[in-house]
Each structure stands twice: as structure tokens, then as C-alpha cells.
$ cat model.cif   # mmCIF, C-alpha atoms
data_data
loop_
_atom_site.label_atom_id
_atom_site.label_comp_id
_atom_site.auth_asym_id
_atom_site.auth_seq_id
_atom_site.Cartn_x
_atom_site.Cartn_y
_atom_site.Cartn_z
CA MET A 954 0.00 0.00 0.00
CA THR A 955 1.40 3.35 -0.99
CA GLN A 956 1.58 6.28 1.40
CA ILE A 957 -1.19 8.04 -0.55
CA GLU A 958 -3.47 5.01 -0.26
CA SER A 959 -2.72 4.82 3.44
CA LEU A 960 -3.61 8.50 3.92
CA GLU A 961 -6.80 8.04 1.93
CA ARG A 962 -7.83 5.10 4.13
CA VAL A 963 -7.16 7.11 7.29
CA ALA A 964 -9.14 10.06 5.90
CA LYS A 965 -12.00 7.77 4.92
CA GLY A 966 -12.01 6.20 8.37
CA LYS A 967 -12.13 9.61 10.02
CA LEU A 968 -14.95 10.69 7.71
CA THR A 969 -16.90 7.53 8.53
CA GLY A 970 -16.44 8.24 12.23
CA ILE A 971 -17.59 11.84 11.83
CA VAL A 972 -20.66 10.79 9.84
CA GLY A 973 -21.50 8.11 12.39
CA LYS A 974 -21.32 10.57 15.27
CA ALA A 975 -23.29 13.16 13.29
CA ARG A 976 -26.05 10.63 12.56
CA ALA A 977 -26.13 9.72 16.24
CA ASP A 978 -26.45 13.39 17.13
CA ILE A 979 -29.28 13.87 14.64
CA ALA A 980 -31.10 10.86 16.09
CA LEU A 981 -30.57 12.22 19.59
CA ILE A 982 -31.94 15.65 18.65
CA ASN A 983 -35.01 14.16 16.97
CA ARG A 984 -35.62 11.95 19.98
CA ARG A 985 -35.24 14.84 22.41
CA LYS A 986 -37.43 17.11 20.28
CA HIS A 987 -40.26 14.63 20.71
CA GLU A 988 -39.67 14.52 24.45
CA ILE A 989 -39.65 18.31 24.70
CA ALA A 990 -42.86 18.52 22.69
CA THR A 991 -44.69 16.25 25.10
CA ALA A 992 -42.98 16.79 28.44
CA PHE A 993 -44.09 20.39 28.98
CA TYR A 994 -47.76 19.36 28.90
CA ASP A 995 -47.14 16.52 31.34
CA ILE A 996 -45.32 18.98 33.61
CA GLY A 997 -48.25 21.40 33.33
CA GLN A 998 -50.71 18.67 34.33
CA ALA A 999 -48.57 17.79 37.34
CA LEU A 1000 -48.38 21.47 38.30
CA VAL A 1001 -52.17 21.76 38.11
CA ARG A 1002 -52.37 18.99 40.70
CA LEU A 1003 -49.62 20.50 42.85
CA LYS A 1004 -51.27 23.93 42.76
CA ARG A 1005 -54.27 22.70 44.73
CA PRO A 1006 -53.98 24.31 48.19
CA GLY A 1007 -54.36 21.04 50.05
CA VAL A 1008 -51.42 19.56 48.18
CA TRP A 1009 -48.73 22.16 48.78
CA ARG A 1010 -49.90 22.60 52.36
CA ALA A 1011 -49.58 18.86 52.93
CA LEU A 1012 -45.99 19.14 51.75
CA GLY A 1013 -45.33 21.79 54.38
CA HIS A 1014 -45.13 24.83 52.11
CA GLU A 1015 -46.68 28.23 52.76
CA SER A 1016 -47.71 28.70 49.14
CA PHE A 1017 -47.59 27.21 45.66
CA ALA A 1018 -44.82 29.69 44.88
CA ALA A 1019 -42.77 28.31 47.77
CA LEU A 1020 -43.26 24.76 46.51
CA CYS A 1021 -42.08 25.77 43.05
CA GLY A 1022 -38.96 27.44 44.39
CA VAL A 1023 -37.97 24.80 46.93
CA GLU A 1024 -39.05 21.54 45.31
CA LEU A 1025 -38.87 22.32 41.60
CA ASP A 1026 -36.29 25.13 41.26
CA MET A 1027 -38.88 26.88 39.09
CA SER A 1028 -40.39 30.36 39.28
CA VAL A 1029 -44.09 30.54 40.00
CA ALA A 1030 -44.50 32.64 36.83
CA GLN A 1031 -43.05 29.82 34.74
CA ALA A 1032 -45.23 27.30 36.54
CA ASP A 1033 -48.35 29.39 35.96
CA ARG A 1034 -47.59 29.59 32.25
CA LEU A 1035 -47.48 25.80 32.05
CA VAL A 1036 -50.67 25.54 34.09
CA ALA A 1037 -52.38 28.00 31.73
CA ILE A 1038 -51.45 25.84 28.75
CA VAL A 1039 -53.17 22.82 30.29
CA GLU A 1040 -56.21 24.87 31.30
CA HIS A 1041 -56.70 26.40 27.85
CA MET A 1042 -55.90 23.66 25.35
CA THR A 1043 -55.62 19.98 24.64
CA ARG A 1044 -52.35 18.11 24.53
CA SER A 1045 -52.57 17.91 20.73
CA GLU A 1046 -53.12 21.66 20.37
CA ALA A 1047 -50.24 22.40 22.73
CA ARG A 1048 -47.86 20.03 20.92
CA ASN A 1049 -48.69 21.59 17.55
CA LEU A 1050 -48.00 25.07 18.89
CA GLY A 1051 -44.93 24.31 21.00
CA ALA A 1052 -44.47 25.36 24.62
CA THR A 1053 -43.54 29.02 24.05
CA LYS A 1054 -46.29 29.84 21.56
CA ALA A 1055 -48.85 27.84 23.52
CA ALA A 1056 -48.08 29.87 26.66
CA ALA A 1057 -48.29 33.16 24.74
CA LEU A 1058 -51.62 32.20 23.19
CA ALA A 1059 -53.08 31.16 26.55
CA GLU A 1060 -52.04 34.55 27.92
CA LEU A 1061 -53.68 36.35 24.98
CA VAL A 1062 -56.94 34.45 25.38
CA ASP A 1063 -56.99 35.41 29.06
CA ALA A 1064 -56.24 39.06 28.27
CA THR A 1065 -59.03 39.65 25.76
CA PRO A 1066 -62.44 40.64 27.15
CA ALA A 1067 -64.35 38.33 24.80
CA ARG A 1068 -64.89 34.67 25.62
CA ASP A 1069 -62.06 33.57 23.36
CA THR A 1070 -60.72 30.05 23.29
CA VAL A 1071 -57.46 28.77 21.87
CA ARG A 1072 -59.34 26.73 19.29
CA GLY A 1073 -61.36 29.77 18.24
CA ALA A 1074 -58.27 31.97 18.15
CA LEU A 1075 -56.53 29.51 15.84
CA SER A 1076 -59.50 29.09 13.52
CA ARG A 1077 -61.03 32.58 13.49
CA GLY A 1078 -58.31 34.84 14.84
CA VAL A 1079 -58.50 37.16 17.83
CA LYS A 1080 -60.08 40.60 17.82
CA LEU A 1081 -57.70 43.09 19.42
CA PRO A 1082 -58.32 46.50 21.00
CA GLY A 1083 -58.91 49.01 18.23
CA GLY A 1084 -60.72 46.50 16.04
CA LYS A 1085 -57.73 44.80 14.43
CA LYS A 1086 -57.69 41.04 14.12
CA LEU A 1087 -54.71 38.83 14.83
CA ASN A 1088 -54.22 35.64 12.84
CA ALA A 1089 -53.08 33.58 15.81
CA ARG A 1090 -52.14 30.57 13.73
CA ALA A 1091 -49.77 32.51 11.49
CA ALA A 1092 -48.55 35.08 14.05
CA SER A 1093 -45.17 34.73 15.71
CA THR A 1094 -44.84 34.11 19.42
CA ARG A 1095 -43.50 37.64 19.83
CA ALA A 1096 -46.49 39.13 17.99
CA ILE A 1097 -48.90 37.17 20.18
CA GLY A 1098 -47.07 38.36 23.29
CA ARG A 1099 -47.31 41.99 22.15
CA ALA A 1100 -51.01 41.55 21.44
CA ALA A 1101 -51.59 40.11 24.92
CA LYS A 1102 -49.77 43.05 26.49
CA ALA A 1103 -51.84 45.52 24.48
CA ALA A 1104 -55.08 43.74 25.39
CA ARG A 1105 -54.23 43.85 29.10
CA ALA A 1106 -53.37 47.54 28.91
CA ALA A 1107 -56.61 48.34 27.10
CA SER A 1108 -58.89 46.47 29.48
CA LYS A 1109 -60.09 48.42 32.51
CA PRO A 1110 -60.43 46.82 35.93
CA ALA A 1111 -63.90 45.48 36.70
CA THR A 1112 -65.10 46.15 33.16
CA LYS A 1113 -65.98 43.37 30.76
CA ARG A 1114 -68.49 42.55 28.05
CA GLY A 1115 -69.70 46.09 27.62
CA ARG A 1116 -70.66 46.99 31.20
CA ARG A 1117 -69.12 47.75 34.56
CA VAL A 1118 -69.36 45.82 37.79
CA SER A 1119 -71.61 47.74 40.16
CA LYS A 1120 -70.33 48.73 43.59
CA GLU A 1121 -72.94 46.48 45.17
CA ASP A 1122 -71.78 43.42 43.21
CA ALA A 1123 -68.14 44.25 43.91
CA ARG A 1124 -68.91 44.43 47.65
CA VAL A 1125 -70.54 40.98 47.50
CA GLY A 1126 -67.37 39.53 45.98
CA THR A 1127 -65.14 41.24 48.53
CA ALA A 1128 -67.30 40.04 51.42
CA LEU A 1129 -67.30 36.46 50.14
CA GLY A 1130 -63.52 36.53 49.90
CA LYS A 1131 -63.27 37.75 53.51
CA ASP A 1132 -65.68 35.03 54.66
CA LEU A 1133 -63.57 32.36 52.97
CA ARG A 1134 -60.39 33.64 54.61
CA ALA A 1135 -62.13 33.74 57.99
CA LEU A 1136 -63.05 30.08 57.53
CA GLY A 1137 -59.43 29.18 56.82
CA VAL A 1138 -59.37 29.26 53.01
CA LYS A 1139 -56.32 31.50 52.83
CA ASP A 1140 -55.59 31.04 49.15
CA GLY A 1141 -59.14 31.01 47.84
CA LYS A 1142 -59.79 33.49 45.05
CA VAL A 1143 -63.02 35.35 44.33
CA THR A 1144 -63.21 37.35 41.11
CA VAL A 1145 -66.23 39.46 40.17
CA LEU A 1146 -66.75 39.66 36.40
CA ALA A 1147 -69.11 41.91 34.51
CA GLY A 1148 -72.06 39.95 33.18
CA LEU A 1149 -73.69 40.03 29.79
CA ALA A 1150 -75.79 43.03 28.85
CA GLY A 1151 -78.85 43.35 31.08
CA ARG A 1152 -77.54 40.96 33.72
CA ARG A 1153 -75.75 41.35 37.01
CA ALA A 1154 -72.12 40.46 37.52
CA ARG A 1155 -70.80 36.89 37.61
CA VAL A 1156 -68.57 35.47 40.33
CA LYS A 1157 -65.63 33.18 39.65
CA ILE A 1158 -64.51 31.23 42.73
CA GLU A 1159 -61.30 29.21 42.98
CA VAL A 1160 -60.83 26.92 45.99
CA GLY A 1161 -59.41 23.46 46.55
CA VAL A 1162 -61.72 20.47 46.29
CA GLU A 1163 -61.21 19.77 49.99
CA GLU A 1164 -62.44 23.31 50.78
CA LEU A 1165 -65.85 23.00 49.13
CA GLY A 1166 -67.54 22.57 52.50
CA MET A 1167 -66.16 25.90 53.71
CA LEU A 1168 -67.18 27.51 50.42
CA ALA A 1169 -70.74 26.26 50.94
CA LYS A 1170 -70.76 27.82 54.42
CA ALA A 1171 -69.54 31.15 53.06
CA ILE A 1172 -72.15 31.16 50.28
CA ARG A 1173 -74.96 30.32 52.74
CA LYS A 1174 -73.89 33.26 54.85
CA ARG A 1175 -74.07 35.57 51.83
CA GLY A 1176 -77.44 34.09 50.81
#
$ encode --input "model.cif" --output "C-alpha cells"
Amino acid sequence: MTQIESLERVAKGKLTGIVGKARADIALINRRKHEIATAFYDIGQALVRLKRPGVWRALGHESFAALCGVELDMSVAQADRLVAIVEHMTRSEARNLGATKAAALAELVDATPARDTVRGALSRGVKLPGGKKLNARAASTRAIGRAAKAARAASKPATKRGRRVSKEDARVGTALGKDLRALGVKDGKVTVLAGLAGRRARVKIEVGVEELGMLAKAIRKRG
């Protein structure tokens, strides 16, 4: 074997090694991409369960935020984004969007005063303040984030669906929240939302399943 043939064989061997490693890397990336696409939804579902007051209290934490920081090394803001994904869309919808865009779209749907859904936003678009419409399916994650920020800025507190929450209805919500706290539901949330035209406000109540008895007591008191 000549020296040239020897060098060619060495070069070919090195090239084969490089290609083999590159193919292994490509396979690894494709495998991990699939894991990333599914894992964030699984994490969100687990966070939904961990966010229940009875759960993080049972673990000895003062709040869901404390659990996230101590047990998960995760900010509560990041956790809430993953929770919002699970609350607003199916696994299939989330996987098609990807974690970042899914979180941005969930935030936008929450920020708009209309009863938007992720499915509706993707099929019909989202009406923004000023009358413009955002094509959520085609829009970039950054554009969706800007739209959510604009929608939040344009919405006024206690004003939704074309009417304001009356002082009387707002007082009912405040009183119910105080009653829940007095009964020991420290992290219960009572939100008063403006109703449809011609109707009184609506009340959104968030408590743990194990706290439903205390909620019933608070509601009976208000009744």
C-alpha cells in the first residue's frame, strides 16, 4: 500500500467516524425534540395537581410559589404559564404550537375581554383592541405576546363585556372573599366579572376540592 493510499484510508475512516457521530447526534436531537414537545404538557398537568392548596400545604409549604422554588427550582411565573397551557388547550393543540407559543396564546386568550378560546383563536383569529384582528395561527410568538400586552393595557379593571361591575356586586365579591379567609381558606380566590348586557355580575370562585364545604358555608352566609 502506498503512502497516498494509506492516507486516503485514514481520511475515509475519520470521515466515517464523523458521519456516524453526526447521525447519532441527529437521532438524539429528533428523539429529544419529541420529548420536549410532550414533556411540557405533562409537567403542566402535574403542576395543576400541585397547585391545589391542600397539596402544597400537605408538603409543608406556605404557598404554591414556595413549593415551586424549593421543590422544583422553578419560578411561579413559569409554573403558571405551564398551568395556563393545560387549562386552555388539549395536549394535541399544545404540541402543535410548541411550549412558548402555547403559553403566549393562553395569555392572549386570558387578556381579551371576549370569551375567546385557543381553538377559536386559531381558527377565526383574535379581535384586538382598536378593532384589528390577529391571525393567531400565522402570528409569531413575539407578535402574540405583544397583542396580549396591548389587550391587558386596554382592558379596565372590573369592566368586561360592555358593562361595569356595580359597587354592590363588587362588595358581595369582597365580602365572600373575607368570609372564605375567615373560615381558613387563605388562598381562595373570588373574582367578580361583569355579566352580559342586562344581567348582574358573575362570580368566579377558585378553591381546593377539599375546601368545598367551607365555600358552601360562606355562600350560605351571603345568601
$ resolve_selection --input "model.cif" --expression "the PyMOL selection byres ((chain A and resi 1035-1041) around 8)" --output "PDB file with C-alpha atoms, in the coordinates of the input"
ATOM      1  CA  PHE A 993     -44.090  20.390  28.980  1.00  0.00           C
ATOM      2  CA  TYR A 994     -47.760  19.360  28.900  1.00  0.00           C
ATOM      3  CA  ILE A 996     -45.320  18.980  33.610  1.00  0.00           C
ATOM      4  CA  GLY A 997     -48.250  21.400  33.330  1.00  0.00           C
ATOM      5  CA  GLN A 998     -50.710  18.670  34.330  1.00  0.00           C
ATOM      6  CA  LEU A1000     -48.380  21.470  38.300  1.00  0.00           C
ATOM      7  CA  VAL A1001     -52.170  21.760  38.110  1.00  0.00           C
ATOM      8  CA  GLN A1031     -43.050  29.820  34.740  1.00  0.00           C
ATOM      9  CA  ALA A1032     -45.230  27.300  36.540  1.00  0.00           C
ATOM     10  CA  ASP A1033     -48.350  29.390  35.960  1.00  0.00           C
ATOM     11  CA  ARG A1034     -47.590  29.590  32.250  1.00  0.00           C
ATOM     12  CA  MET A1042     -55.900  23.660  25.350  1.00  0.00           C
ATOM     13  CA  THR A1043     -55.620  19.980  24.640  1.00  0.00           C
ATOM     14  CA  ARG A1044     -52.350  18.110  24.530  1.00  0.00           C
ATOM     15  CA  ALA A1047     -50.240  22.400  22.730  1.00  0.00           C
ATOM     16  CA  ALA A1055     -48.850  27.840  23.520  1.00  0.00           C
ATOM     17  CA  ALA A1056     -48.080  29.870  26.660  1.00  0.00           C
ATOM     18  CA  ALA A1059     -53.080  31.160  26.550  1.00  0.00           C
ATOM     19  CA  GLU A1060     -52.040  34.550  27.920  1.00  0.00           C
ATOM     20  CA  THR A1070     -60.720  30.050  23.290  1.00  0.00           C
ATOM     21  CA  VAL A1071     -57.460  28.770  21.870  1.00  0.00           C
TER      22      VAL A1071
END
$ closest_residue --input "model.cif" --among "A:Cys1021, A:Ile1158, A:Ala1074, A:Ala999" --to "Arg1090 in chain A" --atoms "all atoms listed in the file"
A:Ala1074
$ resolve_selection --input "model.cif" --expression "the PyMOL selection byres ((chain A and resi 1172) around 12)" --output "PyMOL selection string"
chain A and resi 1125-1126+1128-1133+1136+1143+1156+1158+1165-1171+1173-1176
$ axis_aligned_box --input "model.cif" --around "range 991-995 of chain A" --padding-each-side "3 Å" --output "JSON"
{"center_x": -45.4, "center_y": 18.3, "center_z": 28.2, "size_x": 10.8, "size_y": 10.1, "size_z": 12.2}
$ closest_residue --input "model.cif" --among "A:Ala1019, A:Ala1011, A:Leu1075, A:Ile1097" --to "Thr1053 in chain A" --atoms "only C-alpha atoms"
A:Ile1097
$ decode --input "model.cif" --residues "range 981-1097 of chain A" --atoms "C-alpha atoms" --output "short mmCIF file (atom, residue, chain, number, x, y, z; two decimals), in the first residue's frame"
data_model
loop_
_atom_site.label_atom_id
_atom_site.label_comp_id
_atom_site.auth_asym_id
_atom_site.auth_seq_id
_atom_site.Cartn_x
_atom_site.Cartn_y
_atom_site.Cartn_z
CA LEU A 981 -30.57 12.22 19.59
CA ILE A 982 -31.94 15.65 18.65
CA ASN A 983 -35.01 14.16 16.97
CA ARG A 984 -35.62 11.95 19.98
CA ARG A 985 -35.24 14.84 22.41
CA LYS A 986 -37.43 17.11 20.28
CA HIS A 987 -40.26 14.63 20.71
CA GLU A 988 -39.67 14.52 24.45
CA ILE A 989 -39.65 18.31 24.70
CA ALA A 990 -42.86 18.52 22.69
CA THR A 991 -44.69 16.25 25.10
CA ALA A 992 -42.98 16.79 28.44
CA PHE A 993 -44.09 20.39 28.98
CA TYR A 994 -47.76 19.36 28.90
CA ASP A 995 -47.14 16.52 31.34
CA ILE A 996 -45.32 18.98 33.61
CA GLY A 997 -48.25 21.40 33.33
CA GLN A 998 -50.71 18.67 34.33
CA ALA A 999 -48.57 17.79 37.34
CA LEU A 1000 -48.38 21.47 38.30
CA VAL A 1001 -52.17 21.76 38.11
CA ARG A 1002 -52.37 18.99 40.70
CA LEU A 1003 -49.62 20.50 42.85
CA LYS A 1004 -51.27 23.93 42.76
CA ARG A 1005 -54.27 22.70 44.73
CA PRO A 1006 -53.98 24.31 48.19
CA GLY A 1007 -54.36 21.04 50.05
CA VAL A 1008 -51.42 19.56 48.18
CA TRP A 1009 -48.73 22.16 48.78
CA ARG A 1010 -49.90 22.60 52.36
CA ALA A 1011 -49.58 18.86 52.93
CA LEU A 1012 -45.99 19.14 51.75
CA GLY A 1013 -45.33 21.79 54.38
CA HIS A 1014 -45.13 24.83 52.11
CA GLU A 1015 -46.68 28.23 52.76
CA SER A 1016 -47.71 28.70 49.14
CA PHE A 1017 -47.59 27.21 45.66
CA ALA A 1018 -44.82 29.69 44.88
CA ALA A 1019 -42.77 28.31 47.77
CA LEU A 1020 -43.26 24.76 46.51
CA CYS A 1021 -42.08 25.77 43.05
CA GLY A 1022 -38.96 27.44 44.39
CA VAL A 1023 -37.97 24.80 46.93
CA GLU A 1024 -39.05 21.54 45.31
CA LEU A 1025 -38.87 22.32 41.60
CA ASP A 1026 -36.29 25.13 41.26
CA MET A 1027 -38.88 26.88 39.09
CA SER A 1028 -40.39 30.36 39.28
CA VAL A 1029 -44.09 30.54 40.00
CA ALA A 1030 -44.50 32.64 36.83
CA GLN A 1031 -43.05 29.82 34.74
CA ALA A 1032 -45.23 27.30 36.54
CA ASP A 1033 -48.35 29.39 35.96
CA ARG A 1034 -47.59 29.59 32.25
CA LEU A 1035 -47.48 25.80 32.05
CA VAL A 1036 -50.67 25.54 34.09
CA ALA A 1037 -52.38 28.00 31.73
CA ILE A 1038 -51.45 25.84 28.75
CA VAL A 1039 -53.17 22.82 30.29
CA GLU A 1040 -56.21 24.87 31.30
CA HIS A 1041 -56.70 26.40 27.85
CA MET A 1042 -55.90 23.66 25.35
CA THR A 1043 -55.62 19.98 24.64
CA ARG A 1044 -52.35 18.11 24.53
CA SER A 1045 -52.57 17.91 20.73
CA GLU A 1046 -53.12 21.66 20.37
CA ALA A 1047 -50.24 22.40 22.73
CA ARG A 1048 -47.86 20.03 20.92
CA ASN A 1049 -48.69 21.59 17.55
CA LEU A 1050 -48.00 25.07 18.89
CA GLY A 1051 -44.93 24.31 21.00
CA ALA A 1052 -44.47 25.36 24.62
CA THR A 1053 -43.54 29.02 24.05
CA LYS A 1054 -46.29 29.84 21.56
CA ALA A 1055 -48.85 27.84 23.52
CA ALA A 1056 -48.08 29.87 26.66
CA ALA A 1057 -48.29 33.16 24.74
CA LEU A 1058 -51.62 32.20 23.19
CA ALA A 1059 -53.08 31.16 26.55
CA GLU A 1060 -52.04 34.55 27.92
CA LEU A 1061 -53.68 36.35 24.98
CA VAL A 1062 -56.94 34.45 25.38
CA ASP A 1063 -56.99 35.41 29.06
CA ALA A 1064 -56.24 39.06 28.27
CA THR A 1065 -59.03 39.65 25.76
CA PRO A 1066 -62.44 40.64 27.15
CA ALA A 1067 -64.35 38.33 24.80
CA ARG A 1068 -64.89 34.67 25.62
CA ASP A 1069 -62.06 33.57 23.36
CA THR A 1070 -60.72 30.05 23.29
CA VAL A 1071 -57.46 28.77 21.87
CA ARG A 1072 -59.34 26.73 19.29
CA GLY A 1073 -61.36 29.77 18.24
CA ALA A 1074 -58.27 31.97 18.15
CA LEU A 1075 -56.53 29.51 15.84
CA SER A 1076 -59.50 29.09 13.52
CA ARG A 1077 -61.03 32.58 13.49
CA GLY A 1078 -58.31 34.84 14.84
CA VAL A 1079 -58.50 37.16 17.83
CA LYS A 1080 -60.08 40.60 17.82
CA LEU A 1081 -57.70 43.09 19.42
CA PRO A 1082 -58.32 46.50 21.00
CA GLY A 1083 -58.91 49.01 18.23
CA GLY A 1084 -60.72 46.50 16.04
CA LYS A 1085 -57.73 44.80 14.43
CA LYS A 1086 -57.69 41.04 14.12
CA LEU A 1087 -54.71 38.83 14.83
CA ASN A 1088 -54.22 35.64 12.84
CA ALA A 1089 -53.08 33.58 15.81
CA ARG A 1090 -52.14 30.57 13.73
CA ALA A 1091 -49.77 32.51 11.49
CA ALA A 1092 -48.55 35.08 14.05
CA SER A 1093 -45.17 34.73 15.71
CA THR A 1094 -44.84 34.11 19.42
CA ARG A 1095 -43.50 37.64 19.83
CA ALA A 1096 -46.49 39.13 17.99
CA ILE A 1097 -48.90 37.17 20.18
#
